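Novice: Quick one, query_18.txt (compact mmCIF, C-alpha atoms):
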# COMPACT_ATOMS: atom_id res chain seq x y z
CA MET A 1 178.19 -193.25 -12.48
CA GLU A 2 179.17 -196.86 -13.23
CA LEU A 3 180.82 -197.23 -9.83
CA LEU A 4 177.82 -195.73 -8.02
CA VAL A 5 175.31 -198.02 -9.76
CA ALA A 6 177.49 -201.08 -9.28
CA ALA A 7 177.95 -200.26 -5.58
CA CYS A 8 174.18 -199.75 -5.20
CA VAL A 9 173.43 -203.14 -6.75
CA GLY A 10 176.14 -204.83 -4.68
CA VAL A 11 175.06 -203.31 -1.36
CA MET A 12 171.39 -204.06 -1.96
CA VAL A 13 172.02 -207.66 -2.97
CA ALA A 14 174.39 -208.16 -0.01
CA CYS A 15 171.85 -206.73 2.48
CA GLY A 16 169.12 -208.77 0.80
CA VAL A 17 171.05 -212.02 1.11
CA TYR A 18 171.89 -211.26 4.76
CA LEU A 19 168.23 -210.62 5.57
CA ILE A 20 167.03 -213.70 3.64
CA LEU A 21 169.26 -215.84 5.85
CA ARG A 22 167.47 -214.61 9.02
CA ALA A 23 165.11 -216.98 10.79
CA ARG A 24 161.99 -214.76 11.01
CA THR A 25 159.58 -214.17 8.17
CA PHE A 26 159.58 -210.36 8.30
CA PRO A 27 163.35 -209.93 7.69
CA VAL A 28 163.13 -212.60 4.98
CA VAL A 29 160.38 -210.70 3.19
CA LEU A 30 162.39 -207.47 3.46
CA GLY A 31 165.45 -209.32 2.17
CA LEU A 32 163.55 -210.68 -0.83
CA THR A 33 162.35 -207.15 -1.59
CA LEU A 34 165.87 -205.69 -1.40
CA PHE A 35 167.26 -208.53 -3.49
CA SER A 36 164.69 -208.01 -6.23
CA PHE A 37 165.35 -204.24 -6.16
CA GLY A 38 169.05 -204.91 -6.68
CA VAL A 39 168.29 -207.27 -9.55
CA ASN A 40 165.95 -204.72 -11.13
CA ILE A 41 168.63 -202.03 -11.11
CA PHE A 42 171.11 -204.52 -12.54
CA LEU A 43 168.63 -205.38 -15.29
CA PHE A 44 168.14 -201.68 -15.96
CA SER A 45 171.86 -201.22 -16.49
CA THR A 46 172.11 -204.06 -19.04
CA GLY A 47 171.21 -201.53 -21.74
CA ARG A 48 174.38 -199.58 -20.71
CA LEU A 49 174.20 -196.40 -18.65
CA HIS A 50 173.35 -193.17 -20.49
CA THR A 51 171.95 -189.81 -19.57
CA ASN A 52 169.83 -187.46 -21.67
CA LEU A 53 169.37 -189.83 -24.59
CA PRO A 54 166.03 -190.54 -26.32
CA ALA A 55 164.60 -194.05 -26.26
CA ILE A 56 164.10 -194.00 -30.03
CA ILE A 57 166.53 -193.30 -32.88
CA SER A 58 166.49 -189.58 -33.56
CA SER A 59 168.32 -187.56 -36.20
CA THR A 60 169.38 -184.81 -33.77
CA GLN A 61 170.90 -187.07 -31.10
CA PRO A 62 174.14 -189.02 -31.57
CA ALA A 63 172.86 -192.24 -29.94
CA TYR A 64 169.82 -193.71 -28.24
CA ALA A 65 169.13 -195.46 -24.96
CA ASP A 66 168.15 -199.12 -25.38
CA PRO A 67 164.40 -199.28 -24.64
CA LEU A 68 164.23 -203.06 -24.21
CA PRO A 69 165.80 -203.28 -20.70
CA GLN A 70 163.30 -200.67 -19.57
CA ALA A 71 160.46 -202.88 -20.79
CA LEU A 72 162.06 -205.92 -19.16
CA VAL A 73 162.56 -204.16 -15.85
CA LEU A 74 158.96 -202.97 -15.88
CA THR A 75 157.80 -206.58 -16.31
CA ALA A 76 160.18 -207.74 -13.60
CA ILE A 77 158.98 -205.04 -11.17
CA VAL A 78 155.32 -205.95 -11.70
CA ILE A 79 155.94 -209.68 -11.28
CA GLY A 80 158.27 -209.16 -8.32
CA PHE A 81 155.78 -206.88 -6.59
CA ALA A 82 152.97 -209.41 -7.01
CA MET A 83 155.18 -212.18 -5.62
CA ILE A 84 156.25 -210.09 -2.62
CA ALA A 85 152.61 -209.24 -1.90
CA PHE A 86 151.77 -212.93 -2.02
CA VAL A 87 154.63 -213.84 0.33
CA VAL A 88 153.52 -211.14 2.80
CA VAL A 89 150.00 -212.60 2.88
CA LEU A 90 151.44 -216.10 3.19
CA ALA A 91 153.69 -215.03 6.07
CA LEU A 92 150.71 -213.49 7.88
CA ARG A 93 148.70 -216.65 7.39
CA ALA A 94 151.59 -218.77 8.60
CA HIS A 95 151.79 -216.57 11.69
CA GLY A 96 148.08 -217.12 12.27
CA GLU A 97 148.16 -220.88 11.74
CA LEU A 98 151.50 -221.80 13.31
CA ASP A 99 151.37 -219.13 16.05
CA THR A 100 154.99 -218.12 15.42
CA ASP A 101 156.88 -216.03 12.87
CA HIS A 102 159.77 -218.47 12.60
CA VAL A 103 160.29 -219.62 9.00
CA ASP A 104 160.38 -223.27 10.05
CA GLY A 105 157.28 -222.88 12.21
CA GLU A 106 159.11 -223.56 15.48
CA ARG A 107 157.62 -222.11 18.65
CA LYS A 108 159.56 -219.60 20.71
CA LYS A 109 159.79 -221.88 23.74
CA ASP A 110 161.35 -224.67 21.65
CA LEU A 111 164.15 -222.43 20.45
CA PRO A 112 167.42 -222.15 22.37
CA MET B 1 151.10 -219.39 -39.52
CA ASN B 2 149.60 -222.33 -37.70
CA HIS B 3 147.34 -220.93 -34.98
CA LEU B 4 147.19 -224.28 -33.19
CA ILE B 5 150.55 -223.44 -31.57
CA VAL B 6 149.12 -220.65 -29.46
CA ALA B 7 145.94 -222.58 -28.61
CA PRO B 8 147.51 -224.51 -25.67
CA LEU B 9 147.98 -221.11 -23.99
CA LEU B 10 144.65 -219.53 -24.89
CA ILE B 11 142.37 -222.43 -23.97
CA PRO B 12 143.45 -222.75 -20.30
CA LEU B 13 143.51 -218.96 -20.01
CA LEU B 14 139.94 -218.63 -21.30
CA THR B 15 138.73 -221.60 -19.29
CA GLY B 16 140.28 -220.19 -16.12
CA ALA B 17 138.79 -216.76 -16.80
CA ILE B 18 135.31 -218.22 -17.32
CA ILE B 19 135.60 -220.18 -14.07
CA VAL B 20 136.70 -217.08 -12.14
CA LEU B 21 133.55 -215.28 -13.31
CA ALA B 22 131.36 -217.71 -11.37
CA VAL B 23 133.70 -218.14 -8.43
CA ASN B 24 131.13 -218.17 -5.64
CA ARG B 25 128.45 -220.25 -7.31
CA TYR B 26 127.75 -223.41 -9.29
CA HIS B 27 130.46 -225.81 -8.29
CA PHE B 28 129.16 -228.21 -10.91
CA PHE B 29 129.74 -225.51 -13.52
CA HIS B 30 133.39 -225.18 -12.46
CA ARG B 31 133.92 -228.89 -12.86
CA ALA B 32 132.19 -229.09 -16.23
CA VAL B 33 134.06 -226.12 -17.72
CA SER B 34 137.39 -227.28 -16.33
CA LEU B 35 136.96 -230.82 -17.64
CA ALA B 36 135.81 -229.55 -21.03
CA GLY B 37 138.83 -227.24 -21.24
CA CYS B 38 141.20 -230.10 -20.42
CA LEU B 39 139.52 -232.37 -22.98
CA ILE B 40 139.82 -229.76 -25.74
CA LEU B 41 143.43 -229.19 -24.71
CA VAL B 42 144.20 -232.90 -25.09
CA LEU B 43 142.63 -232.96 -28.57
CA ILE B 44 144.47 -229.85 -29.73
CA THR B 45 147.86 -230.82 -28.37
CA GLY B 46 147.37 -234.29 -29.87
CA THR B 47 146.82 -232.69 -33.27
CA LEU B 48 149.87 -230.49 -32.72
CA LEU B 49 151.97 -233.54 -31.84
CA PHE B 50 150.66 -235.38 -34.91
CA GLN B 51 151.61 -232.43 -37.12
CA SER B 52 155.09 -231.99 -35.69
CA VAL B 53 156.05 -235.68 -35.78
CA SER B 54 156.27 -235.57 -39.54
CA GLY B 55 156.40 -231.87 -40.32
CA PRO B 56 159.11 -229.22 -39.89
CA ILE B 57 159.68 -227.06 -36.80
CA GLN B 58 156.76 -224.63 -36.65
CA VAL B 59 157.26 -221.03 -35.52
CA TYR B 60 154.42 -218.76 -34.43
CA ALA B 61 155.25 -215.05 -34.24
CA LEU B 62 152.95 -213.42 -31.66
CA GLY B 63 151.31 -210.29 -33.05
CA ASN B 64 153.04 -211.07 -36.37
CA TRP B 65 156.23 -209.29 -35.25
CA ALA B 66 159.17 -210.68 -37.20
CA PRO B 67 161.23 -213.19 -35.13
CA PRO B 68 164.30 -211.51 -33.65
CA PHE B 69 162.20 -208.50 -32.56
CA GLY B 70 158.94 -210.09 -31.46
CA ILE B 71 158.18 -213.02 -29.17
CA VAL B 72 157.92 -216.40 -30.87
CA MET B 73 156.34 -219.71 -29.94
CA VAL B 74 158.10 -222.78 -31.29
CA ALA B 75 156.57 -226.23 -31.70
CA ASP B 76 159.02 -228.96 -32.57
CA ARG B 77 158.78 -232.65 -31.78
CA LEU B 78 160.04 -232.36 -28.20
CA SER B 79 157.93 -229.39 -27.16
CA ALA B 80 154.81 -230.79 -28.83
CA LEU B 81 155.34 -234.09 -27.02
CA MET B 82 155.79 -232.33 -23.66
CA VAL B 83 152.68 -230.20 -24.16
CA PHE B 84 150.67 -233.28 -25.08
CA MET B 85 151.92 -235.06 -21.96
CA THR B 86 150.98 -232.05 -19.83
CA ALA B 87 147.47 -231.99 -21.27
CA LEU B 88 147.00 -235.72 -20.77
CA LEU B 89 148.32 -235.64 -17.20
CA GLY B 90 146.22 -232.55 -16.50
CA LEU B 91 143.06 -234.29 -17.68
CA PHE B 92 143.60 -237.40 -15.55
CA CYS B 93 144.61 -235.44 -12.43
CA LEU B 94 141.50 -233.34 -12.86
CA MET B 95 139.33 -236.45 -13.21
CA TYR B 96 140.69 -237.57 -9.84
CA ALA B 97 140.36 -234.12 -8.29
CA VAL B 98 136.66 -233.71 -9.13
CA GLN B 99 135.82 -236.65 -6.90
CA ASP B 100 136.20 -234.52 -3.77
CA THR B 101 139.54 -232.68 -3.49
CA ASP B 102 138.33 -229.64 -5.41
CA THR B 103 135.62 -228.77 -2.89
CA GLN B 104 138.18 -227.79 -0.21
CA GLY B 105 138.57 -224.32 -1.72
CA LYS B 106 136.67 -222.33 -4.30
CA ASN B 107 139.49 -221.35 -6.64
CA PHE B 108 140.91 -224.79 -7.34
CA HIS B 109 139.76 -225.08 -10.96
CA ALA B 110 140.81 -221.58 -12.00
CA LEU B 111 144.28 -222.02 -10.47
CA TYR B 112 144.54 -225.43 -12.10
CA GLN B 113 143.87 -223.97 -15.55
CA PHE B 114 146.38 -221.13 -15.05
CA GLN B 115 148.93 -223.68 -13.93
CA LEU B 116 148.40 -225.63 -17.15
CA MET B 117 148.76 -222.40 -19.13
CA GLY B 118 152.07 -221.59 -17.46
CA ILE B 119 153.48 -225.08 -18.05
CA ASN B 120 152.39 -225.11 -21.71
CA GLY B 121 153.86 -221.65 -22.22
CA ALA B 122 157.20 -222.66 -20.74
CA PHE B 123 157.32 -225.63 -23.11
CA LEU B 124 156.36 -223.68 -26.23
CA THR B 125 158.16 -220.37 -25.90
CA GLY B 126 161.17 -219.51 -28.03
CA ASP B 127 162.17 -216.38 -26.12
CA ILE B 128 164.21 -216.51 -22.95
CA PHE B 129 162.53 -213.58 -21.18
CA ASN B 130 159.14 -214.93 -22.12
CA LEU B 131 160.28 -218.17 -20.50
CA PHE B 132 160.77 -216.19 -17.27
CA VAL B 133 157.24 -214.79 -17.55
CA PHE B 134 155.72 -218.25 -18.06
CA PHE B 135 157.78 -219.60 -15.16
CA GLU B 136 156.23 -216.92 -12.98
CA ILE B 137 152.68 -217.68 -14.18
CA MET B 138 153.29 -221.35 -13.48
CA LEU B 139 154.77 -220.63 -10.04
CA LEU B 140 152.11 -218.16 -8.95
CA ALA B 141 149.39 -220.68 -9.77
CA SER B 142 151.36 -223.43 -8.05
CA TYR B 143 151.71 -221.38 -4.84
CA GLY B 144 147.93 -221.27 -4.71
CA LEU B 145 147.58 -224.97 -5.47
CA VAL B 146 150.16 -225.98 -2.83
CA LEU B 147 148.07 -224.18 -0.20
CA HIS B 148 144.79 -225.65 -1.48
CA GLY B 149 143.00 -227.16 1.47
CA GLY B 150 144.96 -225.23 4.09
CA GLY B 151 146.58 -226.48 7.27
CA GLY B 152 149.75 -225.63 9.16
CA SER B 153 152.17 -228.00 7.46
CA ARG B 154 150.97 -226.99 3.99
CA THR B 155 151.38 -223.33 4.85
CA ARG B 156 154.92 -223.91 6.11
CA ALA B 157 155.94 -225.99 3.08
CA GLY B 158 154.26 -223.49 0.75
CA MET B 159 156.13 -220.60 2.36
CA HIS B 160 159.49 -222.31 1.88
CA TYR B 161 158.55 -223.14 -1.70
CA ALA B 162 157.44 -219.58 -2.51
CA MET B 163 160.52 -217.95 -0.97
CA LEU B 164 162.97 -220.32 -2.65
CA ASN B 165 161.37 -219.81 -6.02
CA LEU B 166 161.36 -216.03 -5.55
CA ILE B 167 165.12 -216.13 -5.02
CA GLY B 168 165.43 -218.45 -8.03
CA SER B 169 163.45 -216.04 -10.22
CA SER B 170 165.64 -213.11 -9.20
CA ILE B 171 168.77 -215.07 -10.10
CA PHE B 172 167.17 -216.07 -13.40
CA LEU B 173 166.78 -212.36 -14.17
CA ILE B 174 170.48 -211.77 -13.46
CA GLY B 175 171.43 -214.51 -15.93
CA VAL B 176 169.07 -213.23 -18.60
CA GLY B 177 170.33 -209.67 -18.03
CA ILE B 178 173.95 -210.68 -18.59
CA LEU B 179 173.05 -212.59 -21.76
CA TYR B 180 171.07 -209.64 -23.10
CA SER B 181 173.74 -207.07 -22.29
CA LEU B 182 176.43 -209.05 -24.12
CA LEU B 183 174.47 -210.48 -27.04
CA GLY B 184 171.70 -207.90 -27.53
CA THR B 185 168.88 -210.35 -28.11
CA LEU B 186 166.47 -212.53 -26.16
CA ASN B 187 165.29 -214.86 -28.91
CA MET B 188 166.76 -218.31 -28.23
CA ALA B 189 167.60 -219.10 -31.87
CA ASP B 190 169.15 -215.65 -32.33
CA LEU B 191 171.14 -216.07 -29.10
CA ALA B 192 172.53 -219.33 -30.49
CA VAL B 193 173.72 -217.53 -33.63
CA ARG B 194 175.27 -214.58 -31.81
CA ILE B 195 176.98 -216.56 -29.07
CA ALA B 196 179.21 -218.20 -31.69
CA VAL B 197 180.81 -214.88 -32.60
CA VAL B 198 181.17 -213.43 -29.11
CA PRO B 199 184.53 -211.63 -28.61
CA PRO B 200 187.00 -213.48 -26.35
CA GLU B 201 187.00 -210.78 -23.62
CA ASN B 202 183.29 -211.49 -23.01
CA ALA B 203 183.60 -215.26 -23.04
CA ALA B 204 184.00 -215.58 -19.27
CA LEU B 205 180.87 -213.49 -18.59
CA ILE B 206 178.85 -215.57 -21.04
CA ARG B 207 179.98 -218.76 -19.34
CA ALA B 208 179.08 -217.25 -15.96
CA ALA B 209 175.61 -216.34 -17.23
CA GLY B 210 175.14 -219.84 -18.58
CA LEU B 211 176.03 -221.42 -15.25
CA ILE B 212 173.87 -218.94 -13.28
CA LEU B 213 170.94 -219.97 -15.46
CA PHE B 214 171.83 -223.62 -14.89
CA GLY B 215 171.63 -223.05 -11.15
CA VAL B 216 168.10 -221.69 -11.51
CA PHE B 217 166.93 -224.47 -13.82
CA ALA B 218 168.48 -227.05 -11.51
CA LEU B 219 166.47 -225.53 -8.64
CA LYS B 220 163.26 -225.87 -10.68
CA ALA B 221 164.19 -229.39 -11.78
CA ALA B 222 165.21 -230.35 -8.20
CA LEU B 223 168.64 -231.69 -9.20
CA VAL B 224 170.80 -233.11 -6.43
CA PRO B 225 172.07 -230.28 -4.24
CA LEU B 226 168.94 -228.18 -4.82
CA TYR B 227 166.13 -230.65 -4.17
CA PHE B 228 165.44 -229.94 -0.48
CA TRP B 229 162.24 -228.03 -1.17
CA LEU B 230 160.70 -230.92 -3.08
CA PRO B 231 159.84 -233.63 -0.51
CA ASP B 232 158.05 -231.22 1.86
CA THR B 233 156.16 -229.39 -0.85
CA TYR B 234 155.01 -232.50 -2.70
CA GLY B 235 154.44 -234.49 0.44
CA PHE B 236 152.13 -232.04 2.20
CA THR B 237 150.07 -230.94 -0.78
CA GLY B 238 146.99 -232.74 -2.12
CA ALA B 239 147.33 -235.85 -4.30
CA PRO B 240 146.08 -234.47 -7.66
CA VAL B 241 148.13 -231.30 -7.22
CA ALA B 242 151.28 -233.29 -6.43
CA ALA B 243 150.65 -235.43 -9.52
CA LEU B 244 150.39 -232.33 -11.69
CA PHE B 245 153.53 -230.91 -10.08
CA ALA B 246 155.41 -233.96 -11.33
CA ILE B 247 155.47 -232.29 -14.74
CA MET B 248 156.59 -228.98 -13.27
CA THR B 249 160.03 -230.31 -12.40
CA LYS B 250 160.12 -231.67 -15.95
CA VAL B 251 159.82 -228.07 -17.12
CA GLY B 252 163.21 -227.49 -15.50
CA VAL B 253 164.67 -230.59 -17.19
CA TYR B 254 163.18 -229.58 -20.52
CA VAL B 255 164.59 -226.05 -20.27
CA ILE B 256 168.05 -227.41 -19.42
CA LEU B 257 167.83 -229.64 -22.51
CA ARG B 258 166.64 -226.78 -24.68
CA VAL B 259 168.98 -224.01 -23.53
CA TYR B 260 172.14 -226.11 -23.25
CA THR B 261 171.77 -227.87 -26.58
CA LEU B 262 170.50 -224.86 -28.53
CA ILE B 263 172.31 -221.86 -27.03
CA PHE B 264 175.31 -223.39 -25.26
CA GLY B 265 175.60 -226.30 -27.68
CA PRO B 266 178.68 -227.46 -29.61
CA HIS B 267 178.49 -224.42 -31.94
CA ALA B 268 178.73 -221.84 -29.16
CA GLY B 269 182.41 -220.95 -29.58
CA ALA B 270 183.89 -220.01 -26.20
CA ALA B 271 180.88 -221.33 -24.27
CA ALA B 272 180.50 -224.59 -26.19
CA ASN B 273 179.31 -227.63 -24.22
CA LEU B 274 179.27 -225.51 -21.07
CA LEU B 275 177.36 -228.03 -19.03
CA ALA B 276 179.26 -231.21 -19.83
CA PRO B 277 181.40 -231.26 -16.63
CA TRP B 278 178.46 -230.29 -14.36
CA LEU B 279 175.33 -232.07 -15.49
CA LEU B 280 176.28 -235.70 -14.92
CA PRO B 281 177.42 -235.29 -11.28
CA ALA B 282 174.30 -233.23 -10.52
CA ALA B 283 171.91 -235.66 -12.17
So that I can check it, write out the structure of this file as structure tokens.

Specialist:
Amino acid sequence: MELLVAACVGVMVACGVYLILRARTFPVVLGLTLFSFGVNIFLFSTGRLHTNLPAIISSTQPAYADPLPQALVLTAIVIGFAMIAFVVVLALRAHGELDTDHVDGERKKDLP
Amino acid sequence: MNHLIVAPLLIPLLTGAIIVLAVNRYHFFHRAVSLAGCLILVLITGTLLFQSVSGPIQVYALGNWAPPFGIVMVADRLSALMVFMTALLGLFCLMYAVQDTDTQGKNFHALYQFQLMGINGAFLTGDIFNLFVFFEIMLLASYGLVLHGGGGSRTRAGMHYAMLNLIGSSIFLIGVGILYSLLGTLNMADLAVRIAVVPPENAALIRAAGLILFGVFALKAALVPLYFWLPDTYGFTGAPVAALFAIMTKVGVYVILRVYTLIFGPHAGAAANLLAPWLLPAA
């Protein structure tokens, strides 16, 4: 399980970074989304990986899953989602105002 | 507990909320409420500064949850001074903005108050995840303020600014996640205690987390290799907004001071004085 989760985080962050380095706004937005997904899963695993454990201390179970990373990741998801939504709107507005979807606002005819 | 410590958060929040209620009407009302909120904020933070100059470090446990488990606000001399400076700067920038800049969009005053709330929160918090939350409040309000007035160049600069800070926030979360997974706490004072007794096999990870966090704070503070976003963003935005943003980079400087003297200070065992070889070349 550790290997699978670590590979998931690694692949998502790698794809995210690749997409962020693109020159158009849509791949950049997708890259930011993937990157924040990878970070969220990483944050989730900071409480160590368990299965079938309660989130509170119980007398019948040998251990418990740390509830704090779950709370943190919930906060991070909400904030990240709001930020992504804002960047999408901003990218649309930039497309409207600059008449191009290049991140530096350069027109298509100016590009090589 | 001294309830004045949480007032620099609640007053801008309430003021902003009241302004949002009348968003489409009464521009004079927006200005009056916003100015009144800033004035009260100056008075309260002045009192707070006066108290902390002579008194001890004051801790405010939110919801009365005991410190390592709940979120705390801390007012010592440095944070009280920074909050007072923010309030004072906020008041004077607002006095300039009400002359005509604020009429270019209808949400200027509400965003301005939320921006002040985020900055004050980042200065006062004693919890590293809460610091992330206040960074985000501050940034979300600042994205709106950068775009205030509109125009192509502002939109382009604002887009760069928003995307860079989104990446920065994600990396911040990685750093905080590593610290939490190794030390089991998010309270800054508690982190400082636990980092001293970290086992040697985790020392390298702790140092990595510390330097990851430094990268993020250096981005916010616009230190040398990470300052490219600053000239465009500050140059294209409106004058009062740019003046208020001057204190936003100071949030980064303040957080570097706080985290790297308190958590990664000389008592931190394996991660002691982590920043000494890096900070001077970067500054």

Novice: Report as a list of chain:residue names the set of chain A residues whose atoms approach chain B to within 6 Å, with distances computed over all atoms listed in the file.

Specialist: A:Ser36, A:Leu43, A:Thr46, A:Ala94, A:Glu97, A:Leu98

Novice: Take atom CA of Pro56 of chain B and atom CA of Leu78 of chain B and report the distance between them in Å, one decimal.

Specialist: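 Between these atoms lies a distance of 12.1 Å.
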
Novice: Distance atom CA of Ser142 of chain B-atom CA of Gly210 of chain B, one decimal place?

Specialist: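 Here the two named atoms are 26.3 Å from each other.
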
Novice: Distance atom CA of Thr249 of chain B-atom CA of Ala222 of chain B, one decimal place?

Specialist: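 The value is 6.7 Å.
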
Novice: Compare A:Val5, A:Ala71, A:Leu34, A:Gly105 by their minimum atom-to-atom distance to Tyr18 of chain A, counting all atoms listed in the file, and give me the closest one.

Specialist: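 Among A:Val5, A:Ala71, A:Leu34, A:Gly105, it is A:Leu34 that comes nearest to Tyr18 of chain A.
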
Novice: Need the shell around Glu2 of chain A: protein/DNA/RNA residues with any atom at most 12 Å away, counting all atoms listed in the file. Skip same-chain ones fewer than 5 positions apart. Format as a PyMOL selection string?

Specialist: chain A and resi 7-9+41-42+45-46+48-51

Novice: Select, from A:Gly16, A:Pro69, A:Arg93, A:Leu3, the residue with the minimum atom-to-atom distance to Val29 of chain A, counting all atoms listed in the file.

Specialist: A:Gly16

Novice: Which polymer residues have any atom within 12 Å of an atom of Gln58 of chain B, counting only C-alpha atoms, with same-chain residues fewer than 5 positions away left out, as number ranges by chain?

Specialist: B: 1-6, 48-49, 51-53, 72-80, 124-126

Novice: Identify, on the basis of all atoms listed in the file, every residue whose closest approach to Phe81 of chain A does not exceed 10 Å; exclude the query and any residue fewer than 6 positions from it along the same chain; express the result as a VMD selection string.

Specialist: chain A and resid 33 36 to 37 75 87

Novice: Which residues come within 7 Å of Cys93 of chain B, counting all atoms listed in the file, excluding same-chain residues fewer than 5 positions away, as a PyMOL selection string?

Specialist: chain B and resi 240+243-244

Novice: As a PyMOL selection string, please: the residues near Phe29 of chain B (cut-off 10 Å, all atoms listed in the file, same-chain neighbours under 5 positions excluded).

Specialist: chain B and resi 18-19+22-23+34-35

Novice: Find, counting only C-alpha atoms, the residue in B:Lys106, B:Lys250, B:Arg25, B:Arg194 that gets nearest to Ile119 of chain B.

Specialist: B:Lys250

Novice: Nearest residue to Ala14 of chain A out of A:Tyr64, A:Phe35, A:Phe86, A:Phe44, using only C-alpha atoms?

Specialist: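 The shortest atom-to-atom distance to Ala14 of chain A comes from A:Phe35.
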